[in-house]
$ cat input-v6.cif   # mmCIF, C-alpha atoms and all ligand atoms
data_my_file
#
loop_
_atom_site.label_atom_id
_atom_site.label_comp_id
_atom_site.auth_asym_id
_atom_site.auth_seq_id
_atom_site.Cartn_x
_atom_site.Cartn_y
_atom_site.Cartn_z
CA MET A 1 -55.51 -48.36 -38.91
CA GLY A 2 -55.56 -44.52 -38.81
CA LYS A 3 -57.99 -42.73 -41.08
CA GLN A 4 -56.54 -40.22 -43.56
CA VAL A 5 -57.70 -36.76 -42.67
CA ASN A 6 -58.45 -34.05 -45.28
CA GLY A 7 -56.06 -35.75 -47.65
CA GLY A 8 -52.55 -34.45 -47.89
CA LEU A 9 -50.54 -36.50 -45.47
CA GLY A 10 -47.99 -38.59 -47.21
CA SER A 11 -47.91 -42.30 -46.73
CA GLY A 12 -44.62 -42.20 -44.85
CA CYS A 13 -45.97 -39.69 -42.37
CA ALA A 14 -46.38 -40.78 -38.81
CA ALA A 15 -49.67 -38.94 -38.61
CA SER A 16 -51.24 -41.64 -36.60
CA GLN A 17 -49.03 -40.73 -33.65
CA ILE A 18 -49.85 -37.04 -33.73
CA PRO A 19 -50.22 -35.65 -30.28
CA ARG A 20 -53.32 -33.59 -29.58
CA GLY A 21 -51.69 -30.21 -29.70
CA PHE A 22 -50.66 -30.60 -33.31
CA ARG A 23 -54.06 -31.48 -34.66
CA ARG A 24 -54.61 -28.11 -36.39
CA ARG A 25 -51.34 -28.28 -38.25
CA ARG A 26 -52.08 -31.76 -39.29
CA GLU A 27 -55.49 -30.70 -40.57
CA SER A 28 -53.97 -27.92 -42.65
CA GLY A 29 -52.15 -30.59 -44.60
CA ALA A 30 -48.66 -30.01 -43.31
CA CYS A 31 -46.76 -32.96 -42.10
CA PRO A 32 -46.83 -32.88 -38.34
CA ASP A 33 -43.35 -34.38 -38.29
CA ARG A 34 -42.13 -30.98 -39.34
CA VAL A 35 -43.53 -29.29 -36.33
CA THR A 36 -41.47 -26.10 -36.48
CA PRO A 37 -39.90 -25.65 -39.87
CA PRO A 38 -36.65 -23.73 -39.61
CA HIS A 39 -37.85 -20.79 -41.73
CA SER A 40 -40.79 -20.06 -39.51
CA ALA A 41 -38.98 -20.57 -36.24
CA PRO A 42 -38.64 -17.36 -34.23
CA LEU A 43 -35.16 -15.94 -34.50
CA PRO A 44 -33.06 -16.36 -31.42
CA PRO A 45 -32.49 -13.05 -29.67
CA ARG A 46 -29.45 -11.23 -31.02
CA PRO A 47 -26.54 -11.23 -28.67
CA ARG A 48 -26.29 -7.72 -27.36
CA ALA A 49 -23.04 -5.88 -27.84
CA PRO A 50 -21.27 -5.77 -24.51
CA ARG A 51 -21.77 -2.47 -22.79
CA ARG A 52 -18.68 -0.35 -22.66
CA LEU A 53 -17.85 0.22 -19.07
CA PRO A 54 -15.85 3.33 -18.19
CA LEU A 55 -12.20 2.57 -17.50
CA PRO A 56 -11.28 2.54 -13.85
CA PRO A 57 -9.33 5.63 -12.81
CA THR A 58 -5.55 5.40 -12.83
CA THR A 59 -3.57 5.66 -9.62
CA SER A 60 -2.60 9.18 -10.54
CA GLN A 61 -6.20 10.19 -11.17
CA ARG A 62 -7.30 8.60 -7.92
CA CYS A 63 -4.55 10.36 -6.01
CA ARG A 64 -5.38 13.67 -7.65
CA ALA A 65 -9.03 13.27 -6.83
CA TRP A 66 -8.15 12.36 -3.28
CA ALA A 67 -5.84 15.33 -2.95
CA TRP A 68 -8.46 17.63 -4.44
CA ALA A 69 -11.08 16.37 -2.00
CA ALA A 70 -8.66 16.79 0.89
CA ASP A 71 -7.83 20.26 -0.31
CA MET A 72 -11.52 21.16 -0.44
CA ALA A 73 -11.86 19.91 3.10
CA GLY A 74 -9.07 22.26 4.07
CA GLU A 75 -6.50 19.58 4.74
CA LYS A 76 -3.52 18.64 2.62
CA LYS A 77 -2.58 15.06 2.11
CA VAL A 78 0.72 14.02 3.59
CA PHE A 79 2.59 11.56 1.39
CA GLY A 80 5.38 9.18 2.28
CA PHE A 81 8.61 9.45 0.28
CA GLU A 82 8.30 5.97 -1.22
CA GLU A 83 4.84 6.69 -2.54
CA VAL A 84 5.95 9.93 -4.19
CA ALA A 85 9.09 8.33 -5.58
CA GLY A 86 6.93 5.73 -7.35
CA HIS A 87 5.50 8.41 -9.65
CA ASN A 88 8.55 8.72 -11.83
CA VAL A 89 7.48 8.39 -15.44
CA THR A 90 6.38 10.94 -18.04
CA LYS A 91 2.74 9.91 -17.75
CA ASP A 92 2.82 10.03 -13.97
CA CYS A 93 5.36 12.40 -12.50
CA TRP A 94 5.46 13.83 -8.98
CA LEU A 95 8.05 16.18 -7.54
CA ILE A 96 9.08 17.13 -4.04
CA ILE A 97 9.94 20.80 -3.77
CA ALA A 98 10.31 22.64 -0.47
CA GLY A 99 8.38 20.05 1.51
CA LYS A 100 5.47 20.00 -0.91
CA VAL A 101 4.40 17.41 -3.43
CA TYR A 102 3.54 18.43 -6.98
CA ASP A 103 1.90 16.27 -9.63
CA VAL A 104 3.40 17.73 -12.79
CA THR A 105 2.12 15.00 -15.13
CA SER A 106 -0.01 17.40 -17.14
CA PHE A 107 2.83 19.94 -17.21
CA MET A 108 5.48 17.64 -18.67
CA ASP A 109 4.91 18.74 -22.28
CA GLU A 110 4.61 22.40 -21.37
CA HIS A 111 7.56 22.80 -19.04
CA PRO A 112 9.94 25.29 -20.72
CA GLY A 113 12.91 23.38 -19.34
CA GLY A 114 11.69 20.12 -20.89
CA ASP A 115 10.30 16.97 -19.35
CA GLU A 116 13.64 15.23 -18.94
CA VAL A 117 14.82 17.62 -16.25
CA LEU A 118 11.63 17.01 -14.32
CA LEU A 119 11.97 13.25 -14.66
CA ALA A 120 15.59 13.46 -13.56
CA VAL A 121 14.62 14.95 -10.21
CA THR A 122 11.89 12.44 -9.31
CA GLY A 123 12.57 10.16 -6.36
CA LYS A 124 14.47 12.86 -4.48
CA ASP A 125 14.06 16.24 -2.90
CA ALA A 126 14.17 18.52 -5.95
CA THR A 127 14.26 21.78 -3.97
CA ASN A 128 17.89 22.60 -4.78
CA ASP A 129 17.50 21.70 -8.45
CA PHE A 130 14.44 23.93 -8.66
CA GLU A 131 16.13 26.84 -6.90
CA ASP A 132 19.38 26.50 -8.88
CA ILE A 133 17.49 27.30 -12.08
CA GLY A 134 16.30 30.59 -10.63
CA HIS A 135 12.66 30.09 -11.57
CA SER A 136 10.69 33.29 -12.05
CA GLU A 137 7.87 34.51 -9.85
CA SER A 138 5.32 33.42 -12.46
CA ALA A 139 6.83 29.91 -12.42
CA ARG A 140 6.34 29.80 -8.65
CA GLU A 141 2.74 30.92 -8.98
CA MET A 142 2.21 28.25 -11.60
CA MET A 143 3.32 25.59 -9.14
CA GLU A 144 0.17 26.05 -7.06
CA LYS A 145 -1.79 24.44 -9.86
CA TYR A 146 0.12 21.19 -9.45
CA LEU A 147 0.27 21.08 -5.66
CA ILE A 148 -1.31 17.88 -4.32
CA GLY A 149 0.01 17.67 -0.79
CA GLU A 150 2.97 17.63 1.51
CA ILE A 151 5.79 15.23 2.10
CA ASP A 152 6.29 13.51 5.41
CA ALA A 153 9.82 14.78 6.06
CA SER A 154 10.64 11.84 8.31
CA THR A 155 10.31 9.46 5.33
CA ILE A 156 12.89 11.25 3.17
CA PRO A 157 16.07 9.17 3.16
CA VAL A 158 19.01 10.88 4.80
CA LYS A 159 21.46 12.27 2.29
CA ARG A 160 24.68 10.33 2.07
CA THR A 161 27.54 12.50 3.20
CA HIS A 162 30.99 11.95 1.79
CA VAL A 163 33.18 10.17 4.30
CA THR A 164 36.92 10.53 3.80
CA PRO A 165 38.57 7.13 3.99
CA GLN A 166 40.35 6.63 7.26
CA GLN A 167 44.09 6.31 7.07
CA ALA A 168 45.71 3.16 8.25
CA PRO A 169 47.60 3.35 11.53
CA GLY A 170 51.19 4.44 11.15
CA ASN A 171 50.26 6.99 8.45
CA PRO A 172 51.80 5.44 5.31
CA ASP A 173 51.46 8.76 3.47
CA LYS A 174 54.38 10.08 5.54
CA GLY A 175 56.77 7.56 3.90
CA ASP A 176 55.83 8.84 0.44
CA ASP A 177 56.51 12.41 1.51
CA MET A 178 60.00 11.49 2.74
CA LEU A 179 60.89 9.74 -0.52
CA ILE A 180 59.83 12.79 -2.55
CA LYS A 181 61.96 15.07 -0.36
CA ILE A 182 65.05 12.83 -0.72
CA LEU A 183 64.59 12.69 -4.49
CA GLN A 184 64.28 16.46 -4.63
CA PHE A 185 67.81 16.72 -3.22
CA LEU A 186 69.30 13.67 -4.88
CA VAL A 187 68.26 14.34 -8.48
CA PRO A 188 69.97 17.77 -8.84
CA ILE A 189 73.12 16.40 -7.13
CA LEU A 190 73.21 13.45 -9.52
CA ILE A 191 72.78 15.77 -12.52
CA LEU A 192 75.58 18.00 -11.27
CA GLY A 193 77.81 14.99 -10.65
CA LEU A 194 77.13 13.65 -14.13
CA ALA A 195 77.87 17.03 -15.72
CA PHE A 196 81.12 17.29 -13.75
CA ALA A 197 82.18 13.77 -14.80
CA ILE A 198 81.51 14.49 -18.46
CA ARG A 199 83.50 17.71 -18.23
CA GLN A 200 86.46 15.94 -16.66
CA TYR A 201 86.32 13.21 -19.29
CA THR A 202 86.27 15.63 -22.21
CA LYS A 203 89.10 17.72 -20.64
CA SER A 204 91.44 14.74 -20.30
CA GLU A 205 90.97 13.91 -23.99
C1 LIG J 301 6.09 22.50 -10.47
C2 LIG J 301 7.36 22.69 -10.75
C3 LIG J 301 7.90 23.56 -11.84
C4 LIG J 301 7.30 24.56 -12.54
C5 LIG J 301 5.88 25.07 -12.42
C6 LIG J 301 8.30 25.07 -13.48
C7 LIG J 301 8.07 26.09 -14.37
C8 LIG J 301 9.03 26.64 -15.20
C9 LIG J 301 8.86 27.82 -16.00
C10 LIG J 301 7.59 28.65 -16.06
C11 LIG J 301 10.01 28.03 -16.67
C12 LIG J 301 10.32 29.20 -17.64
C13 LIG J 301 11.31 30.16 -16.97
C14 LIG J 301 10.71 30.84 -15.74
O1 LIG J 301 9.64 31.42 -15.86
O2 LIG J 301 11.36 30.73 -14.69
C15 LIG J 301 10.90 26.94 -16.32
C16 LIG J 301 12.15 26.78 -16.83
C17 LIG J 301 13.00 25.77 -16.47
N1 LIG J 301 12.81 24.86 -15.48
FE1 LIG J 301 11.12 24.62 -14.42
N2 LIG J 301 9.45 24.37 -13.34
C18 LIG J 301 9.25 23.44 -12.34
C19 LIG J 301 10.16 22.57 -11.84
C20 LIG J 301 11.43 22.43 -12.31
C21 LIG J 301 12.40 21.54 -11.75
C22 LIG J 301 12.21 20.63 -10.54
C23 LIG J 301 13.50 21.65 -12.49
C24 LIG J 301 14.74 20.84 -12.22
C25 LIG J 301 15.90 21.01 -12.59
C26 LIG J 301 13.25 22.64 -13.53
C27 LIG J 301 14.13 23.04 -14.50
C28 LIG J 301 13.91 24.06 -15.40
C29 LIG J 301 14.85 24.45 -16.44
C30 LIG J 301 16.19 23.79 -16.74
C31 LIG J 301 14.28 25.51 -17.10
C32 LIG J 301 14.85 26.27 -18.29
C33 LIG J 301 15.57 27.48 -17.82
C34 LIG J 301 16.10 28.27 -18.98
O3 LIG J 301 15.99 27.84 -20.11
O4 LIG J 301 16.60 29.34 -18.70
N3 LIG J 301 11.98 23.10 -13.36
N4 LIG J 301 10.29 26.13 -15.41
#
$ encode --input "input-v6.cif" --output "structure tokens" --more "lines below"
Ligand code: HEM
Amino acid sequence: MGKQVNGGLGSGCAASQIPRGFRRRRESGACPDRVTPPHSAPLPPRPRAPRRLPLPPTTSQRCRAWAWAADMAGEKKVFGFEEVAGHNVTKDCWLIIAGKVYDVTSFMDEHPGGDEVLLAVTGKDATNDFEDIGHSESAREMMEKYLIGEIDASTIPVKRTHVTPQQAPGNPDKGDDMLIKILQFLVPILILGLAFAIRQYTKSE
């Protein structure tokens, strides 16, 4: 039978099976069953707030950075039409004017002609639209700020030209012309004939 040490261990305590390492605790009178009371347990490390990572750059920012780097290196980036045409929203707007590509995203709010006109000419060669307005010299100087590269002219889709519908063989339009000519003669003759008939009828009465 286990001997009671320094008094203090309750009768229900399994002090007799105390492993060696807990002897001191046992001697201090605390029940060795309660080896690490919750209040004295070291607090678990606080979960650290996740570090805010910087957002990855947008396509437009990447392209601008690329174009800037290329510009610094003395070469202009050459864009394909499809790539340029994809930038067609207010927050990401590119224009093709006179063979050059302009990223006017940051200019949308400031453009005196409004942002809608700029959006309306995305996805096409906007040279004529730009020239039709008769932009001032200062507007043209301003453009330099937004220049990001050049367009690969071979990628611009060929403009659709208006094709007049071909006439069917036998030229059916000719038949219509003949009918009109006949009516031009016939109608006045019929009116005259009718007038003459009415006159005759009223005379005989
Ligand atoms: C990077 C390209 C462009 C720049 C820097 C630019 C700049 C300007 C500026 C500074 C003005 C004020 C008037 C002037 O100084 O001429 C203006 C007016 C205007 N722009 Fe642009 N523009 C650009 C592209 C375009 C395009 C592609 C269109 C297409 C239609 C357009 C349509 C207009 C219109 C409608 C006005 C108003 C004209 C008026 O109220 O008399 N702009 N733009």
$ residues_near_ligand --input "input-v6.cif" --ligand "ligand LIG 301 (chain J)" --cutoff "6 Å" --atoms "only C-alpha atoms and all ligand atoms" --output "list in words"
Tyr102, Val104, His111, Pro112, Gly113, Val117, Leu118, Ala126, Asp129, Phe130, Ile133, His135, Ser136, Ser138, Ala139, Met142 and Met143 of chain A
$ atom_distance --input "input-v6.cif" --atom1 "CA of Ser154 (chain A)" --atom2 "CA of Asp103 (chain A)"
20.4 Å
$ closest_residue --input "input-v6.cif" --among "A:Ile182, A:Ile189, A:Ile156, A:Ile148" --to "Ala85 (chain A)" --atoms "all atoms listed in the file"
A:Ile156
$ atom_distance --input "input-v6.cif" --atom1 "CA of Thr105 (chain A)" --atom2 "CA of Glu131 (chain A)"
20.1 Å
$ atom_distance --input "input-v6.cif" --atom1 "CA of Gln184 (chain A)" --atom2 "CA of Ile198 (chain A)"
22.2 Å
$ closest_residue --input "input-v6.cif" --among "A:Gly149, A:Glu137, A:Pro56, A:Arg199" --to "Ile96 (chain A)" --atoms "all atoms listed in the file"
A:Gly149
$ closest_residue --input "input-v6.cif" --among "A:Ala98, A:Pro42, A:Glu110, A:Ala65" --to "Arg140 (chain A)" --atoms "only C-alpha atoms"
A:Ala98
$ closest_residue --input "input-v6.cif" --among "A:Val89, A:Ile97, A:Glu82, A:Tyr201" --to "Pro157 (chain A)" --atoms "all atoms listed in the file"
A:Glu82
